[in-house]
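Chemist: The file below is upload29.txt, compact mmCIF, C-alpha atoms:
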# COMPACT_ATOMS: atom_id res chain seq x y z
CA MET A 273 -71.03 4.28 -39.41
CA ASP A 274 -69.52 2.95 -36.19
CA PHE A 275 -65.83 3.88 -36.11
CA GLY A 276 -65.11 1.46 -33.26
CA PHE A 277 -63.90 3.98 -30.68
CA ASP A 278 -66.04 2.91 -27.72
CA ASP A 279 -63.14 1.21 -25.93
CA LYS A 280 -60.39 3.51 -27.23
CA THR A 281 -58.45 6.35 -25.67
CA ALA A 282 -57.53 9.20 -28.03
CA LEU A 283 -54.85 11.75 -27.14
CA VAL A 284 -54.80 15.02 -29.09
CA THR A 285 -51.79 17.30 -28.70
CA GLY A 286 -52.56 20.97 -29.08
CA GLY A 287 -56.02 19.84 -28.06
CA ALA A 288 -57.18 23.32 -27.12
CA GLY A 289 -56.50 24.77 -30.55
CA ARG A 290 -59.10 25.23 -33.28
CA ILE A 291 -58.42 22.00 -35.17
CA GLY A 292 -57.28 20.10 -32.08
CA SER A 293 -60.39 20.92 -30.11
CA GLU A 294 -62.60 19.84 -32.99
CA ASP A 295 -60.65 16.57 -33.18
CA CYS A 296 -61.36 16.07 -29.48
CA ARG A 297 -65.08 16.71 -29.92
CA VAL A 298 -65.40 14.33 -32.88
CA PHE A 299 -63.60 11.52 -31.06
CA ALA A 300 -65.77 12.05 -27.98
CA GLU A 301 -68.93 12.02 -30.09
CA GLU A 302 -67.79 8.71 -31.58
CA GLY A 303 -67.37 7.20 -28.11
CA ALA A 304 -63.67 7.55 -27.37
CA GLU A 305 -62.21 8.63 -24.05
CA VAL A 306 -60.38 11.83 -24.99
CA ILE A 307 -57.20 13.35 -23.60
CA VAL A 308 -57.09 17.08 -24.33
CA LEU A 309 -53.36 17.74 -24.03
CA ASP A 310 -52.12 21.30 -24.31
CA VAL A 311 -49.47 23.58 -22.85
CA LYS A 312 -52.34 25.90 -21.82
CA GLU A 313 -54.13 24.19 -18.95
CA ASP A 314 -57.11 26.55 -18.73
CA ALA A 315 -57.82 26.24 -22.45
CA ALA A 316 -57.60 22.44 -22.27
CA GLU A 317 -60.01 22.40 -19.33
CA ASN A 318 -62.51 24.49 -21.29
CA VAL A 319 -62.50 21.97 -24.14
CA ALA A 320 -62.78 18.99 -21.77
CA SER A 321 -65.62 20.64 -19.84
CA ASP A 322 -67.51 21.32 -23.05
CA ILE A 323 -67.13 17.69 -24.12
CA GLU A 324 -68.34 16.36 -20.78
CA ALA A 325 -71.28 18.78 -20.78
CA ASN A 326 -72.33 17.13 -24.03
CA GLY A 327 -72.10 13.61 -22.64
CA GLY A 328 -68.55 12.71 -23.62
CA THR A 329 -65.56 11.63 -21.57
CA ALA A 330 -62.52 13.91 -21.55
CA HIS A 331 -59.50 14.79 -19.44
CA ALA A 332 -57.58 18.06 -19.61
CA ILE A 333 -53.83 17.55 -19.32
CA GLU A 334 -51.19 20.27 -19.22
CA CYS A 335 -47.91 19.16 -20.80
CA ASP A 336 -44.90 20.81 -22.42
CA LEU A 337 -43.97 18.60 -25.38
CA THR A 338 -40.46 20.07 -25.48
CA ASP A 339 -39.74 18.77 -21.95
CA ARG A 340 -39.00 15.04 -22.24
CA ASP A 341 -39.33 14.44 -18.50
CA ASP A 342 -42.74 16.12 -18.50
CA VAL A 343 -43.86 14.07 -21.51
CA SER A 344 -42.60 10.80 -20.03
CA GLY A 345 -44.26 11.44 -16.67
CA THR A 346 -47.51 12.51 -18.30
CA ILE A 347 -47.78 9.41 -20.47
CA GLU A 348 -46.92 7.12 -17.57
CA ALA A 349 -49.68 8.70 -15.46
CA LEU A 350 -52.14 8.38 -18.36
CA ARG A 351 -51.30 4.70 -18.77
CA GLU A 352 -52.20 4.10 -15.15
CA GLU A 353 -55.41 6.12 -15.45
CA THR A 354 -56.68 4.97 -18.85
CA GLY A 355 -54.86 1.73 -19.56
CA GLY A 356 -52.92 3.19 -22.47
CA ILE A 357 -53.16 5.46 -25.50
CA ASP A 358 -54.77 3.87 -28.55
CA ILE A 359 -54.92 6.92 -30.81
CA LEU A 360 -52.39 9.76 -31.00
CA ILE A 361 -53.09 12.92 -32.97
CA ASN A 362 -49.90 14.97 -33.34
CA ASN A 363 -51.57 18.32 -33.82
CA ALA A 364 -49.53 20.75 -31.67
CA GLY A 365 -47.44 23.27 -33.56
CA MET A 366 -46.48 26.90 -34.13
CA VAL A 367 -47.33 28.69 -37.37
CA ASP A 368 -46.74 32.39 -36.70
CA ALA A 369 -43.31 32.89 -38.33
CA ARG A 370 -43.35 35.12 -41.43
CA SER A 371 -39.92 36.34 -42.47
CA ARG A 372 -37.61 35.96 -45.45
CA MET A 373 -34.48 33.90 -44.95
CA LYS A 374 -32.17 36.94 -44.83
CA ASP A 375 -34.12 38.23 -41.83
CA TYR A 376 -34.99 34.92 -40.18
CA ASP A 377 -34.78 34.79 -36.41
CA ASP A 378 -32.63 31.93 -35.10
CA ASP A 379 -34.76 31.73 -31.96
CA ILE A 380 -37.92 31.25 -34.03
CA TRP A 381 -36.24 28.49 -36.03
CA ASP A 382 -35.13 26.72 -32.84
CA ARG A 383 -38.56 27.17 -31.22
CA ASP A 384 -40.43 25.69 -34.18
CA MET A 385 -38.05 22.75 -34.43
CA SER A 386 -38.45 22.12 -30.72
CA ILE A 387 -42.26 22.24 -30.69
CA ASN A 388 -43.40 21.15 -34.14
CA LEU A 389 -40.88 18.39 -34.76
CA THR A 390 -39.01 17.36 -31.61
CA GLY A 391 -42.15 17.72 -29.50
CA THR A 392 -43.95 15.34 -31.84
CA TYR A 393 -41.04 12.92 -31.60
CA ASN A 394 -41.00 13.14 -27.80
CA ILE A 395 -44.61 12.10 -27.29
CA THR A 396 -44.68 9.58 -30.14
CA ARG A 397 -41.58 7.91 -28.71
CA GLU A 398 -43.49 7.38 -25.44
CA VAL A 399 -46.68 6.05 -27.07
CA PHE A 400 -45.68 4.13 -30.20
CA PRO A 401 -43.85 1.13 -28.64
CA ALA A 402 -46.83 0.30 -26.40
CA MET A 403 -49.17 0.45 -29.41
CA CYS A 404 -46.97 -2.08 -31.19
CA GLU A 405 -46.94 -4.34 -28.14
CA ARG A 406 -50.76 -4.25 -27.95
CA GLU A 407 -50.91 -4.75 -31.74
CA TRP A 408 -53.33 -1.88 -32.31
CA GLY A 409 -52.79 1.82 -32.69
CA ARG A 410 -53.49 4.86 -34.83
CA ILE A 411 -51.26 7.91 -35.28
CA ILE A 412 -52.00 11.02 -37.31
CA ASN A 413 -49.31 13.60 -38.01
CA MET A 414 -50.82 16.97 -38.81
CA SER A 415 -48.66 18.41 -41.58
CA SER A 416 -49.56 21.25 -43.94
CA MET A 417 -49.62 22.31 -47.55
CA ALA A 418 -46.39 24.11 -46.65
CA GLY A 419 -44.84 20.73 -45.84
CA TRP A 420 -44.69 19.72 -49.49
CA GLN A 421 -45.09 23.01 -51.36
CA GLY A 422 -43.06 25.28 -49.12
CA GLY A 423 -44.29 28.49 -47.55
CA PHE A 424 -42.97 31.94 -48.45
CA GLY A 425 -41.48 33.41 -45.27
CA GLN A 426 -42.21 30.19 -43.38
CA ALA A 427 -38.87 28.37 -43.50
CA SER A 428 -39.08 26.81 -40.04
CA TYR A 429 -42.77 25.91 -40.31
CA ALA A 430 -42.43 24.38 -43.79
CA ALA A 431 -39.31 22.46 -42.78
CA THR A 432 -40.95 20.94 -39.71
CA LYS A 433 -44.13 20.05 -41.56
CA ALA A 434 -42.14 18.37 -44.33
CA ALA A 435 -40.23 16.43 -41.69
CA LEU A 436 -43.50 15.20 -40.17
CA ILE A 437 -44.30 13.53 -43.49
CA GLY A 438 -41.06 11.54 -43.47
CA PHE A 439 -41.43 10.79 -39.77
CA GLY A 440 -44.99 9.58 -40.30
CA LYS A 441 -44.05 7.30 -43.19
CA THR A 442 -41.30 5.79 -41.05
CA LEU A 443 -43.78 5.08 -38.27
CA ALA A 444 -46.09 3.49 -40.83
CA LEU A 445 -43.33 1.15 -41.95
CA GLU A 446 -42.31 0.21 -38.42
CA GLY A 447 -45.88 -0.35 -37.25
CA ALA A 448 -47.20 -2.12 -40.34
CA GLN A 449 -46.89 -5.67 -39.00
CA SER A 450 -48.07 -4.72 -35.50
CA GLY A 451 -51.53 -3.36 -36.30
CA VAL A 452 -50.38 0.27 -35.96
CA THR A 453 -51.06 2.74 -38.76
CA CYS A 454 -49.77 6.25 -39.25
CA ASN A 455 -51.09 8.73 -41.79
CA ILE A 456 -50.37 12.36 -42.49
CA VAL A 457 -53.03 15.02 -43.04
CA THR A 458 -52.26 18.23 -44.94
CA PRO A 459 -54.97 20.89 -44.67
CA ASN A 460 -55.44 24.06 -46.64
CA ILE A 461 -56.14 27.21 -44.62
CA VAL A 462 -58.87 26.49 -42.06
CA VAL A 463 -60.97 29.50 -41.07
CA GLY A 464 -64.13 28.20 -39.40
CA ALA A 465 -67.29 30.16 -40.18
CA LEU A 466 -65.41 32.45 -42.58
CA ALA A 467 -65.38 29.51 -45.00
CA ASP A 468 -69.09 30.16 -45.60
CA LEU A 469 -68.46 33.64 -47.01
CA PRO A 470 -68.33 34.21 -50.76
CA VAL A 471 -64.89 35.36 -51.87
CA GLU A 472 -66.19 38.88 -52.50
CA GLN A 473 -67.30 39.20 -48.88
CA LEU A 474 -64.19 37.47 -47.58
CA GLU A 475 -62.07 40.16 -49.26
CA GLN A 476 -63.65 42.72 -46.96
CA VAL A 477 -62.70 40.67 -43.90
CA ASP A 478 -59.24 39.32 -44.73
CA GLU A 479 -57.40 39.95 -48.00
CA HIS A 480 -54.90 37.14 -47.33
CA PHE A 481 -57.65 34.54 -46.87
CA ALA A 482 -59.49 35.87 -49.91
CA ARG A 483 -56.39 35.53 -52.09
CA ILE A 484 -55.99 31.88 -51.10
CA ALA A 485 -59.69 31.21 -51.61
CA LYS A 486 -59.44 32.64 -55.14
CA ALA A 487 -56.58 30.24 -55.88
CA THR A 488 -58.60 27.28 -54.60
CA PRO A 489 -60.69 25.50 -57.25
CA MET A 490 -63.64 25.22 -54.86
CA ARG A 491 -63.33 28.98 -54.24
CA GLN A 492 -63.57 28.58 -50.47
CA LEU A 493 -61.37 27.75 -47.51
CA GLY A 494 -61.73 24.91 -45.03
CA ARG A 495 -63.59 24.34 -41.79
CA GLU A 496 -62.23 22.55 -38.74
CA GLU A 497 -64.69 19.70 -39.18
CA ASP A 498 -63.42 19.09 -42.72
CA VAL A 499 -60.13 18.06 -41.15
CA SER A 500 -61.46 16.34 -38.03
CA ASN A 501 -63.90 14.08 -39.88
CA LEU A 502 -61.04 12.78 -42.02
CA VAL A 503 -58.82 12.32 -38.96
CA ALA A 504 -61.53 10.26 -37.26
CA PHE A 505 -62.00 8.05 -40.32
CA LEU A 506 -58.26 7.40 -40.67
CA CYS A 507 -58.22 6.24 -37.05
CA SER A 508 -61.21 3.93 -37.48
CA GLU A 509 -61.43 0.19 -37.99
CA GLN A 510 -62.67 0.89 -41.51
CA ALA A 511 -59.29 2.48 -42.35
CA SER A 512 -57.13 -0.37 -41.02
CA TYR A 513 -55.53 -0.97 -44.46
CA ILE A 514 -54.57 2.69 -44.97
CA THR A 515 -51.13 3.66 -43.70
CA GLY A 516 -48.25 5.93 -44.66
CA GLN A 517 -50.49 8.14 -46.78
CA VAL A 518 -50.41 11.90 -47.13
CA VAL A 519 -54.02 13.02 -47.45
CA GLY A 520 -54.90 16.58 -48.37
CA VAL A 521 -57.93 18.50 -47.17
CA THR A 522 -57.44 21.30 -49.63
CA GLY A 523 -60.46 22.16 -51.74
CA GLY A 524 -58.20 21.33 -54.69
CA VAL A 525 -55.67 24.13 -54.12
CA ASP A 526 -52.87 21.61 -54.67
CA LEU A 527 -54.09 20.79 -58.18
CA PHE A 528 -52.30 22.20 -61.19
CA SER A 529 -54.48 24.76 -62.94
CA PHE A 530 -53.89 27.13 -65.83
With the file now loaded, output its structure as structure tokens.

Modeler:
Amino acid sequence: MDFGFDDKTALVTGGAGRIGSEDCRVFAEEGAEVIVLDVKEDAAENVASDIEANGGTAHAIECDLTDRDDVSGTIEALREETGGIDILINNAGMVDARSRMKDYDDDIWDRDMSINLTGTYNITREVFPAMCEREWGRIINMSSMAGWQGGFGQASYAATKAALIGFGKTLALEGAQSGVTCNIVTPNIVVGALADLPVEQLEQVDEHFARIAKATPMRQLGREEDVSNLVAFLCSEQASYITGQVVGVTGGVDLFSF
């Protein structure tokens, strides 16, 4: 299936991360020019180099999403270099906070709001209007199961991921008559090659992962490509009538079971 990315430029925030880097590789394989945007320049360059070594086109860009001047300058430079951003994957985010409310760290709350939510706003604000003017664009907000089920000890993470759902639906409404779609993806835990292990073996490696796998109807966790293949489809021409949707990549863990 041709997704129609040959003349498109795709920007992935947090592009050096596990899911972000897989997003970058899938878009490059489908013919898009890829912007690997990350706060860690060396890591972004490694992803871009790997893509180019495999015949794709990629640029590594260092950018701090919490710095509006940096974001504005970066997007302006990318417009001049690429002609504009057609696809934006809002993937960057922090997920390391684990503390009950009575012990929650104000600095962690502020950090997560700044990166996960305001950082997403900052770059979308720079990209979305031009998409509407060109009458074509695709945006994916990477949320989480925690965004609509909550996350024990994850107040700031869950709050920001829930906010990305509302933000994404608003973008979908505002872009609907301009050829711009926005959808929200909510993955289960993604663990790469560990997803291939039976639960019994996974218990010996990571008890936390094993517990979640046991609660998942498919009895396994996700892989990065499970998420990235969906992301690519939602950005394709074939998905032009899909917008404002929250799509889970969960193995069924969100289903009610007795």

Chemist: Can you tell me, as an MDAnalysis selection string, what residues are no more than 10 Å from A:Ala402 when counting only C-alpha atoms, ignoring any on the same chain fewer than 3 positions away?

Modeler: chainID A and resid 351 356:358 397:399 405:409

Chemist: Rank nothing, just name the residue among A:Asn501, A:Asn326, A:Ser512, A:Thr281 nearest to A:Val452, using all atoms listed in the file.

Modeler: A:Ser512

Chemist: Go through A:Lys433, A:His331, A:Arg383, A:Arg370 and flag the residue nearest A:Val518, using only C-alpha atoms for the distances.

Modeler: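 Among the listed residues, A:Lys433 lies closest to A:Val518.
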
Chemist: Within 8 Å of stretch 487-490 of chain A, counting all atoms listed in the file, which residues show up once you throw out same-chain ones fewer than 5 positions away? Write them as a list in words, please.

Modeler: Thr522, Gly523, Gly524 and Val525 of chain A

Chemist: Between A:Gly419, A:Pro459, A:Gly287, A:Gly447, single out the one closest to A:Gly516, counting only C-alpha atoms.

Modeler: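 Closest to A:Gly516 of all the choices is A:Gly447.
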
Chemist: Name the closest residue to A:Gly425 among the candidates A:Ile437, A:Ile412, A:Leu474, A:Val367; distances are taken between atoms, counting only C-alpha atoms.

Modeler: A:Val367

Chemist: When you draw a straight line from atom CA of A:Leu469 to atom CA of A:Asn413, how long is it in Å?

Modeler: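 That distance, rounded to one decimal, is 29.1 Å.
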
Chemist: One decimal, in Å: what's the spacing between atom CA of A:Gly345 and atom CA of A:Ile395?

Modeler: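 Calculated distance between atom CA of A:Gly345 and atom CA of A:Ile395 is 10.6 Å.
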
Chemist: I'd like the neighbourhood of stretch 294-296 of chain A as a VMD selection string, where a residue qualifies if any of its atoms comes within 12 Å (using only C-alpha atoms), though same-chain residues fewer than 3 positions away should be ignored.

Modeler: chain A and resid 281 to 291 299 to 310 316 318 to 324 328 to 332 359 to 364 412 414 462 464 495 to 505 507

Chemist: Rounded to one decimal place, report the atom CA of A:Pro401-atom CA of A:Glu334 distance in Å.

Modeler: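 Straight-line distance from atom CA of A:Pro401 to atom CA of A:Glu334 works out to 22.6 Å.
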
Chemist: Identify the residues around (-40.9, 32.5, -42.8) within a radius of 12 Å, measuring from all atoms listed in the file in the coordinates stated by the file, and give them as an mmCIF file with C-alpha atoms, keeping the file's coordinate frame.

Modeler:
data_model
loop_
_atom_site.group_PDB
_atom_site.id
_atom_site.type_symbol
_atom_site.label_atom_id
_atom_site.label_comp_id
_atom_site.auth_asym_id
_atom_site.auth_seq_id
_atom_site.Cartn_x
_atom_site.Cartn_y
_atom_site.Cartn_z
ATOM 1 C CA MET A 366 -46.480 26.900 -34.130
ATOM 2 C CA VAL A 367 -47.330 28.690 -37.370
ATOM 3 C CA ASP A 368 -46.740 32.390 -36.700
ATOM 4 C CA ALA A 369 -43.310 32.890 -38.330
ATOM 5 C CA ARG A 370 -43.350 35.120 -41.430
ATOM 6 C CA SER A 371 -39.920 36.340 -42.470
ATOM 7 C CA ARG A 372 -37.610 35.960 -45.450
ATOM 8 C CA MET A 373 -34.480 33.900 -44.950
ATOM 9 C CA LYS A 374 -32.170 36.940 -44.830
ATOM 10 C CA ASP A 375 -34.120 38.230 -41.830
ATOM 11 C CA TYR A 376 -34.990 34.920 -40.180
ATOM 12 C CA ASP A 377 -34.780 34.790 -36.410
ATOM 13 C CA ASP A 378 -32.630 31.930 -35.100
ATOM 14 C CA ILE A 380 -37.920 31.250 -34.030
ATOM 15 C CA TRP A 381 -36.240 28.490 -36.030
ATOM 16 C CA ASP A 384 -40.430 25.690 -34.180
ATOM 17 C CA ALA A 418 -46.390 24.110 -46.650
ATOM 18 C CA GLY A 422 -43.060 25.280 -49.120
ATOM 19 C CA GLY A 423 -44.290 28.490 -47.550
ATOM 20 C CA PHE A 424 -42.970 31.940 -48.450
ATOM 21 C CA GLY A 425 -41.480 33.410 -45.270
ATOM 22 C CA GLN A 426 -42.210 30.190 -43.380
ATOM 23 C CA ALA A 427 -38.870 28.370 -43.500
ATOM 24 C CA SER A 428 -39.080 26.810 -40.040
ATOM 25 C CA TYR A 429 -42.770 25.910 -40.310
ATOM 26 C CA ALA A 430 -42.430 24.380 -43.790
ATOM 27 C CA ALA A 431 -39.310 22.460 -42.780
ATOM 28 C CA THR A 432 -40.950 20.940 -39.710
#
